[in-house]
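Trainee: data.pdb is reproduced below (PDB, C-alpha atoms, pLDDT in the B column).
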```
ATOM      1  CA  MET A   1     -30.134  10.775  -6.349  1.00 80.00           C
ATOM      2  CA  SER A   2     -26.535   9.965  -5.549  1.00 80.00           C
ATOM      3  CA  GLU A   3     -27.329   6.259  -5.829  1.00 84.00           C
ATOM      4  CA  THR A   4     -28.638   6.817  -9.371  1.00 87.00           C
ATOM      5  CA  ILE A   5     -25.568   8.824 -10.387  1.00 87.00           C
ATOM      6  CA  LEU A   6     -23.184   6.259  -8.988  1.00 88.00           C
ATOM      7  CA  THR A   7     -25.036   3.303 -10.485  1.00 90.00           C
ATOM      8  CA  VAL A   8     -25.032   4.870 -13.964  1.00 91.00           C
ATOM      9  CA  ALA A   9     -21.361   5.876 -13.712  1.00 91.00           C
ATOM     10  CA  LEU A  10     -20.200   2.491 -12.451  1.00 92.00           C
ATOM     11  CA  THR A  11     -22.181   0.621 -15.106  1.00 93.00           C
ATOM     12  CA  LEU A  12     -20.733   2.833 -17.841  1.00 94.00           C
ATOM     13  CA  SER A  13     -17.259   2.328 -16.442  1.00 94.00           C
ATOM     14  CA  GLN A  14     -17.731  -1.453 -16.357  1.00 94.00           C
ATOM     15  CA  LEU A  15     -18.832  -1.414 -19.997  1.00 95.00           C
ATOM     16  CA  CYS A  16     -15.808   0.691 -20.994  1.00 93.00           C
ATOM     17  CA  LEU A  17     -13.424  -1.671 -19.213  1.00 94.00           C
ATOM     18  CA  VAL A  18     -14.967  -4.793 -20.743  1.00 95.00           C
ATOM     19  CA  LEU A  19     -14.675  -3.195 -24.196  1.00 95.00           C
ATOM     20  CA  ALA A  20     -11.045  -2.326 -23.449  1.00 94.00           C
ATOM     21  CA  MET A  21     -10.401  -5.958 -22.475  1.00 94.00           C
ATOM     22  CA  LEU A  22     -11.977  -7.105 -25.753  1.00 95.00           C
ATOM     23  CA  LEU A  23      -9.755  -4.737 -27.759  1.00 93.00           C
ATOM     24  CA  ALA A  24      -6.650  -5.923 -25.921  1.00 93.00           C
ATOM     25  CA  THR A  25      -7.674  -9.520 -26.617  1.00 94.00           C
ATOM     26  CA  LEU A  26      -8.039  -8.651 -30.294  1.00 93.00           C
ATOM     27  CA  ARG A  27      -4.479  -7.332 -30.382  1.00 91.00           C
ATOM     28  CA  LEU A  28      -3.340 -10.379 -28.403  1.00 91.00           C
ATOM     29  CA  LEU A  29      -4.780 -12.707 -31.046  1.00 92.00           C
ATOM     30  CA  ARG A  30      -3.775 -10.597 -34.033  1.00 88.00           C
ATOM     31  CA  GLY A  31      -0.420  -9.129 -33.041  1.00 77.00           C
ATOM     32  CA  PRO A  32       2.178  -9.700 -35.721  1.00 85.00           C
ATOM     33  CA  ARG A  33       5.090 -10.459 -33.412  1.00 85.00           C
ATOM     34  CA  ALA A  34       5.650 -11.755 -29.914  1.00 86.00           C
ATOM     35  CA  GLN A  35       6.314  -8.384 -28.265  1.00 87.00           C
ATOM     36  CA  ASP A  36       2.887  -7.147 -29.387  1.00 91.00           C
ATOM     37  CA  ARG A  37       1.300 -10.095 -27.637  1.00 91.00           C
ATOM     38  CA  VAL A  38       3.268  -9.452 -24.443  1.00 91.00           C
ATOM     39  CA  LEU A  39       2.254  -5.769 -24.503  1.00 92.00           C
ATOM     40  CA  SER A  40      -1.415  -6.562 -25.006  1.00 93.00           C
ATOM     41  CA  LEU A  41      -1.293  -9.171 -22.239  1.00 92.00           C
ATOM     42  CA  ASP A  42       0.002  -6.444 -19.911  1.00 92.00           C
ATOM     43  CA  ALA A  43      -2.841  -4.131 -20.974  1.00 92.00           C
ATOM     44  CA  LEU A  44      -5.310  -6.985 -20.439  1.00 93.00           C
ATOM     45  CA  TYR A  45      -4.022  -7.473 -16.884  1.00 92.00           C
ATOM     46  CA  VAL A  46      -4.457  -3.770 -16.095  1.00 92.00           C
ATOM     47  CA  CYS A  47      -7.991  -3.688 -17.521  1.00 93.00           C
ATOM     48  CA  GLY A  48      -8.981  -6.775 -15.547  1.00 93.00           C
ATOM     49  CA  MET A  49      -7.610  -5.267 -12.357  1.00 92.00           C
ATOM     50  CA  LEU A  50      -9.537  -2.036 -12.871  1.00 93.00           C
ATOM     51  CA  LEU A  51     -12.691  -4.001 -13.689  1.00 93.00           C
ATOM     52  CA  LEU A  52     -12.323  -5.913 -10.422  1.00 93.00           C
ATOM     53  CA  VAL A  53     -11.933  -2.640  -8.483  1.00 92.00           C
ATOM     54  CA  VAL A  54     -15.014  -1.080 -10.126  1.00 92.00           C
ATOM     55  CA  THR A  55     -17.054  -4.228  -9.454  1.00 92.00           C
ATOM     56  CA  GLY A  56     -15.947  -4.068  -5.829  1.00 89.00           C
ATOM     57  CA  MET A  57     -17.093  -0.445  -5.645  1.00 87.00           C
ATOM     58  CA  ARG A  58     -20.480  -1.416  -7.052  1.00 88.00           C
ATOM     59  CA  LEU A  59     -21.005  -4.369  -4.755  1.00 87.00           C
ATOM     60  CA  GLY A  60     -19.612  -2.625  -1.684  1.00 82.00           C
ATOM     61  CA  SER A  61     -17.324  -5.550  -0.995  1.00 80.00           C
ATOM     62  CA  SER A  62     -13.769  -5.159   0.257  1.00 76.00           C
ATOM     63  CA  TYR A  63     -12.566  -8.633  -0.664  1.00 84.00           C
ATOM     64  CA  LEU A  64     -12.174  -7.878  -4.364  1.00 87.00           C
ATOM     65  CA  PHE A  65      -9.361  -5.407  -3.623  1.00 85.00           C
ATOM     66  CA  GLU A  66      -7.096  -8.181  -2.442  1.00 86.00           C
ATOM     67  CA  GLY A  67      -7.665  -9.883  -5.770  1.00 89.00           C
ATOM     68  CA  ALA A  68      -6.862  -6.650  -7.598  1.00 89.00           C
ATOM     69  CA  LEU A  69      -3.623  -6.299  -5.636  1.00 89.00           C
ATOM     70  CA  ILE A  70      -2.608  -9.853  -6.513  1.00 90.00           C
ATOM     71  CA  ILE A  71      -3.469  -9.282 -10.187  1.00 90.00           C
ATOM     72  CA  GLY A  72      -1.316  -6.128 -10.243  1.00 88.00           C
ATOM     73  CA  ALA A  73       1.698  -7.877  -8.705  1.00 89.00           C
ATOM     74  CA  LEU A  74       1.418 -10.997 -10.854  1.00 91.00           C
ATOM     75  CA  GLY A  75       0.938  -8.933 -14.014  1.00 89.00           C
ATOM     76  CA  PHE A  76       4.215  -7.142 -13.334  1.00 90.00           C
ATOM     77  CA  VAL A  77       6.071 -10.385 -12.658  1.00 91.00           C
ATOM     78  CA  SER A  78       4.688 -12.179 -15.705  1.00 92.00           C
ATOM     79  CA  THR A  79       5.378  -9.295 -18.090  1.00 91.00           C
ATOM     80  CA  VAL A  80       8.956  -8.945 -16.829  1.00 90.00           C
ATOM     81  CA  ALA A  81       9.498 -12.706 -17.172  1.00 91.00           C
ATOM     82  CA  LEU A  82       8.138 -12.747 -20.740  1.00 91.00           C
ATOM     83  CA  SER A  83      10.221  -9.700 -21.695  1.00 90.00           C
ATOM     84  CA  LYS A  84      13.359 -11.290 -20.252  1.00 89.00           C
ATOM     85  CA  PHE A  85      12.583 -14.405 -22.242  1.00 90.00           C
ATOM     86  CA  LEU A  86      12.268 -12.343 -25.418  1.00 88.00           C
ATOM     87  CA  LEU A  87      15.465 -10.468 -24.614  1.00 85.00           C
ATOM     88  CA  ARG A  88      17.742 -13.325 -23.579  1.00 82.00           C
ATOM     89  CA  GLY A  89      16.074 -16.556 -24.580  1.00 79.00           C
ATOM     90  CA  GLU A  90      15.775 -17.733 -20.982  1.00 76.00           C
ATOM     91  CA  VAL A  91      14.225 -16.329 -17.825  1.00 74.00           C
ATOM     92  CA  ILE A  92      16.664 -17.332 -15.070  1.00 74.00           C
ATOM     93  CA  GLU A  93      20.286 -17.308 -16.131  1.00 70.00           C
TER      94      GLU A  93
ATOM     95  CA  MET B   1     -30.559  -3.184  -2.195  1.00 49.00           C
ATOM     96  CA  THR B   2     -27.428  -1.105  -2.676  1.00 51.00           C
ATOM     97  CA  SER B   3     -27.713   0.928   0.484  1.00 66.00           C
ATOM     98  CA  HIS B   4     -24.023   1.779   0.611  1.00 77.00           C
ATOM     99  CA  LEU B   5     -24.306   3.893  -2.544  1.00 78.00           C
ATOM    100  CA  ALA B   6     -27.193   5.919  -1.083  1.00 79.00           C
ATOM    101  CA  GLN B   7     -25.088   6.955   1.923  1.00 79.00           C
ATOM    102  CA  VAL B   8     -22.775   9.049  -0.242  1.00 80.00           C
ATOM    103  CA  PRO B   9     -23.559  12.794  -0.372  1.00 82.00           C
ATOM    104  CA  LEU B  10     -24.388  14.345  -3.719  1.00 85.00           C
ATOM    105  CA  TRP B  11     -21.150  16.302  -4.305  1.00 87.00           C
ATOM    106  CA  ALA B  12     -19.084  13.228  -3.556  1.00 86.00           C
ATOM    107  CA  ALA B  13     -21.236  11.153  -5.886  1.00 88.00           C
ATOM    108  CA  ILE B  14     -20.576  13.607  -8.714  1.00 91.00           C
ATOM    109  CA  VAL B  15     -16.835  13.673  -7.995  1.00 92.00           C
ATOM    110  CA  ILE B  16     -16.632   9.862  -7.806  1.00 90.00           C
ATOM    111  CA  ALA B  17     -18.636   9.475 -11.017  1.00 92.00           C
ATOM    112  CA  VAL B  18     -16.386  11.911 -12.908  1.00 93.00           C
ATOM    113  CA  LEU B  19     -13.202  10.220 -11.629  1.00 93.00           C
ATOM    114  CA  VAL B  20     -14.331   6.688 -12.393  1.00 93.00           C
ATOM    115  CA  VAL B  21     -15.728   7.491 -15.837  1.00 94.00           C
ATOM    116  CA  LEU B  22     -12.565   9.469 -16.691  1.00 94.00           C
ATOM    117  CA  GLY B  23     -10.332   6.602 -15.617  1.00 93.00           C
ATOM    118  CA  SER B  24     -12.205   3.889 -17.476  1.00 93.00           C
ATOM    119  CA  GLY B  25     -12.621   6.089 -20.550  1.00 93.00           C
ATOM    120  CA  LEU B  26      -8.876   6.697 -20.684  1.00 94.00           C
ATOM    121  CA  THR B  27      -8.281   2.966 -20.336  1.00 93.00           C
ATOM    122  CA  LEU B  28     -10.637   2.340 -23.242  1.00 93.00           C
ATOM    123  CA  LEU B  29      -8.826   4.989 -25.281  1.00 93.00           C
ATOM    124  CA  GLY B  30      -5.499   3.296 -24.563  1.00 93.00           C
ATOM    125  CA  ALA B  31      -6.861  -0.077 -25.673  1.00 92.00           C
ATOM    126  CA  LEU B  32      -8.240   1.528 -28.820  1.00 93.00           C
ATOM    127  CA  GLY B  33      -4.785   2.938 -29.541  1.00 92.00           C
ATOM    128  CA  LEU B  34      -3.308  -0.513 -28.927  1.00 91.00           C
ATOM    129  CA  VAL B  35      -5.470  -1.820 -31.761  1.00 91.00           C
ATOM    130  CA  ARG B  36      -5.335   1.138 -34.117  1.00 90.00           C
ATOM    131  CA  LEU B  37      -1.686   2.244 -34.135  1.00 88.00           C
ATOM    132  CA  SER B  38       0.550   0.847 -36.845  1.00 87.00           C
ATOM    133  CA  SER B  39       4.021  -0.026 -35.514  1.00 87.00           C
ATOM    134  CA  PHE B  40       5.129  -1.599 -32.243  1.00 87.00           C
ATOM    135  CA  PHE B  41       6.980   1.481 -31.011  1.00 88.00           C
ATOM    136  CA  ASP B  42       3.788   3.498 -31.452  1.00 88.00           C
ATOM    137  CA  ARG B  43       1.713   0.863 -29.733  1.00 89.00           C
ATOM    138  CA  ILE B  44       3.951   0.666 -26.667  1.00 90.00           C
ATOM    139  CA  HIS B  45       2.817   4.175 -25.695  1.00 90.00           C
ATOM    140  CA  ALA B  46      -0.909   3.475 -25.828  1.00 90.00           C
ATOM    141  CA  PRO B  47      -1.596   1.330 -22.713  1.00 88.00           C
ATOM    142  CA  THR B  48       0.210   3.812 -20.470  1.00 90.00           C
ATOM    143  CA  LEU B  49      -2.965   5.899 -20.589  1.00 89.00           C
ATOM    144  CA  GLY B  50      -4.654   3.101 -18.694  1.00 86.00           C
ATOM    145  CA  THR B  51      -1.810   2.611 -16.270  1.00 89.00           C
ATOM    146  CA  SER B  52      -1.295   6.283 -15.419  1.00 89.00           C
ATOM    147  CA  TRP B  53      -4.566   8.210 -15.242  1.00 90.00           C
ATOM    148  CA  GLY B  54      -6.833   5.237 -15.759  1.00 90.00           C
ATOM    149  CA  THR B  55      -5.575   3.569 -12.610  1.00 92.00           C
ATOM    150  CA  ALA B  56      -5.284   6.866 -10.735  1.00 91.00           C
ATOM    151  CA  GLY B  57      -8.864   7.918 -11.516  1.00 92.00           C
ATOM    152  CA  VAL B  58     -10.421   4.606 -10.544  1.00 92.00           C
ATOM    153  CA  MET B  59      -8.303   4.338  -7.391  1.00 91.00           C
ATOM    154  CA  LEU B  60      -9.082   7.918  -6.259  1.00 91.00           C
ATOM    155  CA  GLY B  61     -12.804   7.339  -6.827  1.00 91.00           C
ATOM    156  CA  SER B  62     -12.690   4.056  -4.956  1.00 89.00           C
ATOM    157  CA  ALA B  63     -10.776   5.575  -2.041  1.00 88.00           C
ATOM    158  CA  LEU B  64     -13.278   8.442  -1.798  1.00 88.00           C
ATOM    159  CA  LEU B  65     -16.272   6.093  -1.957  1.00 87.00           C
ATOM    160  CA  PHE B  66     -15.054   3.689   0.691  1.00 85.00           C
ATOM    161  CA  THR B  67     -13.885   6.477   2.963  1.00 85.00           C
ATOM    162  CA  LEU B  68     -17.297   8.149   2.871  1.00 84.00           C
ATOM    163  CA  THR B  69     -19.281   4.967   3.388  1.00 83.00           C
ATOM    164  CA  GLY B  70     -17.056   4.231   6.359  1.00 73.00           C
ATOM    165  CA  ASP B  71     -16.330   0.678   5.425  1.00 59.00           C
ATOM    166  CA  ARG B  72     -12.568   0.693   5.841  1.00 61.00           C
ATOM    167  CA  LEU B  73      -9.419   2.757   5.434  1.00 65.00           C
ATOM    168  CA  VAL B  74      -8.073   3.937   2.091  1.00 73.00           C
ATOM    169  CA  ILE B  75      -4.629   2.352   2.231  1.00 74.00           C
ATOM    170  CA  HIS B  76      -5.390  -0.446  -0.262  1.00 76.00           C
ATOM    171  CA  GLU B  77      -5.976   1.875  -3.196  1.00 83.00           C
ATOM    172  CA  ILE B  78      -2.799   3.824  -2.486  1.00 87.00           C
ATOM    173  CA  VAL B  79      -0.825   0.572  -2.451  1.00 87.00           C
ATOM    174  CA  ILE B  80      -2.278  -0.585  -5.782  1.00 88.00           C
ATOM    175  CA  GLY B  81      -1.768   2.833  -7.399  1.00 87.00           C
ATOM    176  CA  ALA B  82       1.833   3.117  -6.222  1.00 89.00           C
ATOM    177  CA  LEU B  83       2.553  -0.432  -7.394  1.00 89.00           C
ATOM    178  CA  MET B  84       1.156   0.298 -10.841  1.00 88.00           C
ATOM    179  CA  MET B  85       2.946   3.654 -11.159  1.00 88.00           C
ATOM    180  CA  THR B  86       6.326   2.174 -10.239  1.00 90.00           C
ATOM    181  CA  THR B  87       6.193  -1.117 -12.135  1.00 91.00           C
ATOM    182  CA  THR B  88       4.857   0.051 -15.518  1.00 90.00           C
ATOM    183  CA  PRO B  89       7.966   2.039 -16.658  1.00 91.00           C
ATOM    184  CA  VAL B  90      10.261  -0.827 -15.661  1.00 91.00           C
ATOM    185  CA  THR B  91       8.153  -3.349 -17.555  1.00 90.00           C
ATOM    186  CA  LEU B  92       7.816  -1.285 -20.707  1.00 91.00           C
ATOM    187  CA  MET B  93      11.503  -0.375 -20.736  1.00 91.00           C
ATOM    188  CA  ILE B  94      12.533  -4.039 -20.618  1.00 90.00           C
ATOM    189  CA  LEU B  95       9.953  -4.846 -23.291  1.00 90.00           C
ATOM    190  CA  GLY B  96      11.197  -2.016 -25.518  1.00 89.00           C
ATOM    191  CA  ARG B  97      14.768  -3.226 -25.195  1.00 89.00           C
ATOM    192  CA  ALA B  98      13.655  -6.758 -26.050  1.00 89.00           C
ATOM    193  CA  ALA B  99      11.837  -5.451 -29.125  1.00 88.00           C
ATOM    194  CA  LEU B 100      14.898  -3.464 -30.209  1.00 88.00           C
ATOM    195  CA  SER B 101      17.176  -6.458 -29.883  1.00 86.00           C
ATOM    196  CA  ARG B 102      14.687  -8.657 -31.729  1.00 83.00           C
ATOM    197  CA  ASN B 103      14.488  -6.104 -34.536  1.00 80.00           C
ATOM    198  CA  GLY B 104      18.011  -6.871 -35.579  1.00 72.00           C
ATOM    199  CA  GLY B 105      20.781  -6.271 -33.116  1.00 58.00           C
ATOM    200  CA  ALA B 106      22.166  -2.919 -32.081  1.00 54.00           C
ATOM    201  CA  ARG B 107      20.285  -0.063 -30.534  1.00 53.00           C
ATOM    202  CA  PRO B 108      19.958   3.007 -32.787  1.00 52.00           C
ATOM    203  CA  ARG B 109      22.636   5.599 -32.132  1.00 51.00           C
ATOM    204  CA  ALA B 110      21.447   8.981 -30.920  1.00 52.00           C
ATOM    205  CA  ALA B 111      24.197  10.786 -32.797  1.00 52.00           C
ATOM    206  CA  ASN B 112      22.550   9.961 -36.098  1.00 52.00           C
ATOM    207  CA  PRO B 113      18.799  10.628 -35.988  1.00 53.00           C
ATOM    208  CA  ALA B 114      18.306   9.428 -39.557  1.00 56.00           C
ATOM    209  CA  SER B 115      19.186   5.874 -38.501  1.00 52.00           C
ATOM    210  CA  ILE B 116      16.489   5.974 -35.799  1.00 54.00           C
ATOM    211  CA  THR B 117      13.760   7.016 -38.200  1.00 56.00           C
ATOM    212  CA  ALA B 118      14.996   4.516 -40.742  1.00 56.00           C
ATOM    213  CA  GLY B 119      14.748   1.777 -38.126  1.00 54.00           C
ATOM    214  CA  LEU B 120      11.232   2.819 -37.158  1.00 57.00           C
ATOM    215  CA  ASP B 121      10.133   2.897 -40.778  1.00 55.00           C
ATOM    216  CA  ALA B 122      11.575  -0.562 -41.265  1.00 54.00           C
ATOM    217  CA  ASP B 123       9.645  -1.737 -38.201  1.00 53.00           C
ATOM    218  CA  ALA B 124       6.427  -0.207 -39.525  1.00 52.00           C
ATOM    219  CA  ALA B 125       7.013  -1.803 -42.896  1.00 53.00           C
ATOM    220  CA  GLU B 126       7.538  -5.231 -41.448  1.00 50.00           C
ATOM    221  CA  GLY B 127       4.570  -4.944 -39.101  1.00 48.00           C
ATOM    222  CA  GLY B 128       2.253  -6.522 -41.614  1.00 46.00           C
ATOM    223  CA  SER B 129       4.582  -9.358 -42.491  1.00 46.00           C
ATOM    224  CA  ASP B 130       4.377 -12.778 -40.954  1.00 46.00           C
ATOM    225  CA  ARG B 131       7.769 -12.657 -39.252  1.00 48.00           C
ATOM    226  CA  ARG B 132       7.489 -13.847 -35.675  1.00 52.00           C
TER     227      ARG B 132
END
```
Turn this file's structure into structure tokens for me.

Mentor:
Amino acid sequence: MSETILTVALTLSQLCLVLAMLLATLRLLRGPRAQDRVLSLDALYVCGMLLLVVTGMRLGSSYLFEGALIIGALGFVSTVALSKFLLRGEVIE
Amino acid sequence: MTSHLAQVPLWAAIVIAVLVVLGSGLTLLGALGLVRLSSFFDRIHAPTLGTSWGTAGVMLGSALLFTLTGDRLVIHEIVIGALMMTTTPVTLMILGRAALSRNGGARPRAANPASITAGLDADAAEGGSDRR
């Protein structure tokens, strides 16, 4: 019983996250200016990280969490670097 | 095949299912707002649904699941959640300042609220243009 509930919930959650990644990709391709693309890239990183965590829950594997941690840290660094580039014109002054 | 999911008791399965579906549904709602909203300063609020309760719901469900199946400790999820909660405001604040400076120079003064709304209307009006 609990296996059925968890399988249905995790599958639904995976579908929601994949759809969220598709919507963020749509804004990334369509965004009128550069800051829209940076914002949607940040949202895409977060959705991919959550999708990796939910897949790890479904498979029962603990290795995917390390990947999620790395994706979270690198998403922060890349979004800050792109925002600094938009703000100043260069990343390291 | 998936024997680790059958080890979870029924109440915990219901709680985990509600948390995970709530978190991913809020993330989907944030992405939908990212597509649907009209100006950039509206859109910058939308993905924070995914980074606040989206991340928190999925991480709490994951911590509960892996604690009950006895695979490992729960410290990984707390680290990821704390990282996401602390880095998202910093990121979006720098991005908002970059967008303000790209919109034409000075930040809007708080002493004159009409200039703020005028700036936002100008941003919404130019959202459809091809200015990069």

Trainee: I need the residue nearest Gly30 in chain B from this list: A:Val54, A:Ile71, A:Leu19, A:Ala9. Use all atoms listed in the file for the distance.

Mentor: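 Closest to Gly30 in chain B, using all atoms listed in the file: A:Leu19.
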
Trainee: Work out how far CA of Val15 in chain B is from CA of Ala56 in chain B, in Å to one decimal.

Mentor: 13.7 Å

Trainee: Between B:Gly96, B:Ile16, B:Pro89, B:Leu28, which has the minimum distance to Met59 in chain B (counting only C-alpha atoms)?

Mentor: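 That would be B:Ile16, the residue with the smallest distance to Met59 in chain B.
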
Trainee: Can you list, as a PDB file with C-alpha atoms, keeping the file's coordinate frame, every protein, DNA or RNA residue that comes within 10 Å of Ala81 in chain A when you count only C-alpha atoms, leaving out same-chain residues fewer than 4 positions away?

Mentor:
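The result, written out as selection-v6.pdb:
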```pdb
ATOM      1  CA  GLY A  75       0.938  -8.933 -14.014  1.00 89.00           C
ATOM      2  CA  PHE A  76       4.215  -7.142 -13.334  1.00 90.00           C
ATOM      3  CA  VAL A  77       6.071 -10.385 -12.658  1.00 91.00           C
ATOM      4  CA  PHE A  85      12.583 -14.405 -22.242  1.00 90.00           C
ATOM      5  CA  LEU A  86      12.268 -12.343 -25.418  1.00 88.00           C
ATOM      6  CA  LEU A  87      15.465 -10.468 -24.614  1.00 85.00           C
ATOM      7  CA  GLU A  90      15.775 -17.733 -20.982  1.00 76.00           C
ATOM      8  CA  VAL A  91      14.225 -16.329 -17.825  1.00 74.00           C
ATOM      9  CA  ILE A  92      16.664 -17.332 -15.070  1.00 74.00           C
TER      10      ILE A  92
ATOM     11  CA  THR B  91       8.153  -3.349 -17.555  1.00 90.00           C
ATOM     12  CA  ILE B  94      12.533  -4.039 -20.618  1.00 90.00           C
ATOM     13  CA  LEU B  95       9.953  -4.846 -23.291  1.00 90.00           C
TER      14      LEU B  95
END
```

Trainee: Taking 3 positions as the minimum chain separation for residues in the same chain, which residues sit within 6 Å of Leu17 in chain A when counting all atoms listed in the file? Answer as an mmCIF file with C-alpha atoms, keeping the file's coordinate frame.

Mentor:
```cif
data_model
loop_
_atom_site.group_PDB
_atom_site.id
_atom_site.type_symbol
_atom_site.label_atom_id
_atom_site.label_comp_id
_atom_site.auth_asym_id
_atom_site.auth_seq_id
_atom_site.Cartn_x
_atom_site.Cartn_y
_atom_site.Cartn_z
ATOM 1 C CA GLN A 14 -17.731 -1.453 -16.357
ATOM 2 C CA ALA A 20 -11.045 -2.326 -23.449
ATOM 3 C CA SER B 24 -12.205 3.889 -17.476
#
```
